Amino acid sequence: MAAAWEEIRRLAADFQRAQFAEVAQRLSERNCIEIVTKLIAEKQLEVVHTLDGKEYVTPAQICREIRDELHVCGGRVNIVDLQQIINVDLLHIENRANDIVKSDKTIQLVLGQLINESYLDQLAEEINDKLQETGQVTISELCKAYDLPGDFLTQVLSRRLGRIIHGRLDQENRGVIFTEAFVSRHRARIRGLFTVLEELVNAGRLKGTVVGGKQDKAVFVPDIYARTQSNWVDSFFKQNGYLEFDALYRLGIPDPSGYIKKRYKSTKLLFLRAACVGQEIVDQVEASVEEAVSSGTWIDVATLLPSSLSAEDCGILLQQVMRSLNKNSSGLVFSDTIVVSEKFLSSCTDLFSDMMKQKAEKEMKNNPVHLITEEDLKQASILENSNANKKDKKDDRRKKATEGSGSVRGGGGGNAREIKIKKTKKKGRKDADSDEESQTTSTDRNKHMEFPFMTQEEIQDVLKTRMQDCPEELITELAEHLIRPLTKSYQEVVRSVFTSSTSSSGASRRQTMKDLQEEFSNLYNNIRLFEKGTKHFTDETQTNLVKHLLKTVCTDVTNLIFNFLASDSMMTTENYSAITSEVRTKILGKLPEDTKGPLTKLHTSLNGKSLEDFLSYLDSAADICDIMVKKGDKKKERQVLFQHRQALIEQLKVTEDPALVLHLTSVLLFQFSTHCMLHAPGRSVPQIINFLSGKIPEDQHSLLVKYQGLVVKQLINQTKKTEHGDSDETEEDEGADAIRKELQEITTSIKDLVLRPRKSSVTEE
């Protein structure tokens, strides 16, 4: 023992000497900080600064201190409080707290607080003590008391029911926990209350009734209260003639409909969605509706009913009244509450009668082609068949009298050649009437054609101006109701307008046919004469002349054919010269198949380059149209040449336009030298002048060439002036004036080439 104490004294002396000995090498605080910082930068050391900067703490130490503080605080600690205790930044504490929660399932992070299972068990024990004391607790009260979210508390307490907490969670109201003793206590109270209440009522000591039996919603109603309710209900119904269900609810009557049926068993009532009305109101509405229907007006029953009734109830009441009315009474319901008589609707329709007729007449004038429906085709077929017998009797006479009303009389003579066309139109119509399958597609398309009358908005505007006392919603529904019958009536008006015009034209059909054949023959013979003129040219010039002829005179005769077929097929067209390629295509779509093929070829040939093909197709088209074409003889040709020349001369006399003067003079000189008519565009004038070289005297040809050059210069100047405007063009204006003066001087000489007594041309010599 003495040796041990000796050893202790020796060690204490060594320690004392070491304390008082001088240090050979000593690190300063700054050097220590730099060393630690270097280690942290090289990630060889992981430490955290304290908030005062005097200490370093490792993450593991922070975790240990957090767990220690959680244990010291009883299992629940706020992270903000940990920052002040551990003396490090809040971010490091949150990170370490999240790590603890991930690694330890018994610890949870709730609203910035760390909570472990021991705290939750202790919390459940406290709640159980309170539950046993009061019989029930609510989650909302616990949230306020313990500052925890309701969902979290519900989840935690549900896991501990039956183990720590001796109670049940209400399945209907999840926010209440109660004990069996609490339920039993209240059941006993209710049982006792009803027992006493029934005894008092049966003994007559308590005046009243128990409504609802022994159900959970049973109500005791004192007699005085029931009498007051009944008096109010009777008084209100007597004064107003109706009862609102909401008003009875507010009086404490849980089943208004059943109450009313029980109280007014012998009274005739009409039950609606939110009210019931007496027979007096129903009779009043019925009488007003009958009066409106019989007088040809309209009525809004909502103005006759109490304002408290909803629009739906007003509509139900009105439907009941309309069902009970006499079936002979005619009336329609608009906007659920407005009754409109048929007479009133008819008067609304009559407002548009004049507009329909005016619009139909305007429609027939503005639109080039209108197809009538199948019914009108049948009517036209009846009219045609009524004349068929008369035509059949005259067949033999027609064969002998080919120059009568069905052919052209002009230019007749023994040597005149006539083209007799077979009568095929009637046969084609019979085939079209009998072959329903081939015409199904066309008929269906015709049935779907409609001419629009007015839009719904336009109908509304008309009704507003004519019926200013009608409400806005009635005007809107009237327009919606009338748009279909008005459109249908408008189709009938259009058909009647067309049929009347067709019937009047049918009376003069024979004269129209005669005029058609005469006009057709004139155009046909003109094309033949113009064709002779084009043959004096070759290559490109002849092609251009043929194209121009196809686009002008040939197009006119084609339009004449199409116009005739359109009228014959119950279609109508205005002046045939206004028919365009699109209109011809539309007419083709309406024609029967046997007519459509040849007419399509004729229509297509107008865009070609061959006049012979066109004339061939024209003969086929004339055959279909039953047109007898009489070609002119030499005498007729000379007459046409003379008339054409005189027309050009008269035009030349009155015109002062240099370009037109050059054009007319060139064409007239061509006719003088070749005795052939020429139908040429303006761009072909240079080729005509070149052709005249050697056909007319040299001095006349030189003058014509000079005049052509001046006209070209004038046109070029006019084009430049149009493109560049009037700025900086003084010199050009002077040049244009000089050209204009020279043209004026030469124009008379150019006209004299045709107008003065002519010398014999080179060709004539």
# chains A, B, ... in the order shown; residues from 1 in each chain; ligands from 1
>>> residues_around(residues="Ile688 of chain A", least_positions_apart="5", cutoff="8 Å", atoms="only C-alpha atoms", output="number ranges by chain")
A: 666-667, 670
>>> write_last_selection(atoms="all heavy atoms", output="PDB file, in the first residue's frame")
ATOM      1  N   SER A 666     -58.864  47.944-141.990  1.00  0.00           N
ATOM      2  CA  SER A 666     -58.164  46.735-142.423  1.00  0.00           C
ATOM      3  C   SER A 666     -59.147  45.622-142.763  1.00  0.00           C
ATOM      4  O   SER A 666     -59.012  44.939-143.792  1.00  0.00           O
ATOM      5  CB  SER A 666     -57.204  46.263-141.326  1.00  0.00           C
ATOM      6  OG  SER A 666     -56.282  47.275-140.986  1.00  0.00           O
ATOM      7  N   VAL A 667     -60.174  45.441-141.905  1.00  0.00           N
ATOM      8  CA  VAL A 667     -61.156  44.382-142.147  1.00  0.00           C
ATOM      9  C   VAL A 667     -61.968  44.668-143.404  1.00  0.00           C
ATOM     10  O   VAL A 667     -62.241  43.773-144.223  1.00  0.00           O
ATOM     11  CB  VAL A 667     -62.062  44.223-140.910  1.00  0.00           C
ATOM     12  CG1 VAL A 667     -63.195  43.247-141.202  1.00  0.00           C
ATOM     13  CG2 VAL A 667     -61.264  43.734-139.710  1.00  0.00           C
ATOM     14  N   PHE A 670     -59.896  44.059-146.446  1.00  0.00           N
ATOM     15  CA  PHE A 670     -59.791  42.611-146.655  1.00  0.00           C
ATOM     16  C   PHE A 670     -61.039  42.083-147.360  1.00  0.00           C
ATOM     17  O   PHE A 670     -60.962  41.270-148.285  1.00  0.00           O
ATOM     18  CB  PHE A 670     -59.604  41.909-145.299  1.00  0.00           C
ATOM     19  CG  PHE A 670     -59.575  40.414-145.389  1.00  0.00           C
ATOM     20  CD1 PHE A 670     -58.392  39.746-145.645  1.00  0.00           C
ATOM     21  CD2 PHE A 670     -60.750  39.666-145.242  1.00  0.00           C
ATOM     22  CE1 PHE A 670     -58.369  38.365-145.738  1.00  0.00           C
ATOM     23  CE2 PHE A 670     -60.735  38.292-145.337  1.00  0.00           C
ATOM     24  CZ  PHE A 670     -59.540  37.637-145.581  1.00  0.00           C
TER      25      PHE A 670
END
>>> select_by_dssp(residues="segment 135-207 of chain A", states="strand (DSSP E or B)", output="VMD selection string")
chain A and resid 136 to 138 161 165 168 to 169 176 to 178
>>> atom_distance(atom1="atom CA of Phe564 of chain A", atom2="atom CA of Val493 of chain A")
23.8 Å
>>> atom_distance(atom1="atom CA of Ser140 of chain A", atom2="atom CA of Ser184 of chain A")
23.9 Å
>>> residues_around(residues="Ile164 of chain A", least_positions_apart="2", cutoff="7 Å", atoms="only C-alpha atoms", output="PDB file with N, CA and C atoms, in the first residue's frame")
ATOM      1  N   ALA A 124     -51.361   9.380 -26.232  1.00  0.00           N
ATOM      2  CA  ALA A 124     -52.552   8.526 -26.289  1.00  0.00           C
ATOM      3  C   ALA A 124     -53.083   8.226 -24.895  1.00  0.00           C
ATOM      4  N   GLU A 125     -52.183   8.045 -23.940  1.00  0.00           N
ATOM      5  CA  GLU A 125     -52.626   7.792 -22.565  1.00  0.00           C
ATOM      6  C   GLU A 125     -53.354   9.007 -22.005  1.00  0.00           C
ATOM      7  N   ARG A 160     -53.888   3.196 -32.138  1.00  0.00           N
ATOM      8  CA  ARG A 160     -53.815   2.888 -30.702  1.00  0.00           C
ATOM      9  C   ARG A 160     -55.179   2.635 -30.088  1.00  0.00           C
ATOM     10  N   LEU A 161     -56.261   2.672 -30.938  1.00  0.00           N
ATOM     11  CA  LEU A 161     -57.590   2.351 -30.413  1.00  0.00           C
ATOM     12  C   LEU A 161     -57.649   0.883 -30.012  1.00  0.00           C
ATOM     13  N   GLY A 162     -58.198   0.614 -28.840  1.00  0.00           N
ATOM     14  CA  GLY A 162     -58.296  -0.751 -28.346  1.00  0.00           C
ATOM     15  C   GLY A 162     -57.044  -1.235 -27.657  1.00  0.00           C
ATOM     16  N   HIS A 166     -59.225   3.271 -25.016  1.00  0.00           N
ATOM     17  CA  HIS A 166     -60.379   2.385 -24.900  1.00  0.00           C
ATOM     18  C   HIS A 166     -61.613   3.142 -25.363  1.00  0.00           C
TER      19      HIS A 166
END
>>> residues_around(residues="Val36 of chain A", least_positions_apart="2", cutoff="12 Å", atoms="only C-alpha atoms", output="number ranges by chain")
A: 29-34, 38-49, 55-57
>>> residues_around(residues="Asn717 of chain A", least_positions_apart="3", cutoff="8 Å", atoms="only C-alpha atoms", output="list in words")
Lys713, Gln714, Lys720, Lys721, Glu732 and Ala736 of chain A
>>> write_last_selection(atoms="C-alpha atoms", output="mmCIF file, in the first residue's frame")
data_model
loop_
_atom_site.group_PDB
_atom_site.id
_atom_site.type_symbol
_atom_site.label_atom_id
_atom_site.label_comp_id
_atom_site.auth_asym_id
_atom_site.auth_seq_id
_atom_site.Cartn_x
_atom_site.Cartn_y
_atom_site.Cartn_z
ATOM 1 C CA LYS A 713 -46.446 54.585 -130.859
ATOM 2 C CA GLN A 714 -49.520 56.230 -129.362
ATOM 3 C CA LYS A 720 -45.857 54.345 -120.204
ATOM 4 C CA LYS A 721 -47.900 57.258 -118.936
ATOM 5 C CA GLU A 732 -42.870 62.678 -123.893
ATOM 6 C CA ALA A 736 -47.461 62.326 -127.893
#
>>> residues_around(residues="Gln83 of chain A", least_positions_apart="6", cutoff="10 Å", atoms="only C-alpha atoms", output="ChimeraX atom specification")
/A:51,66,89-94
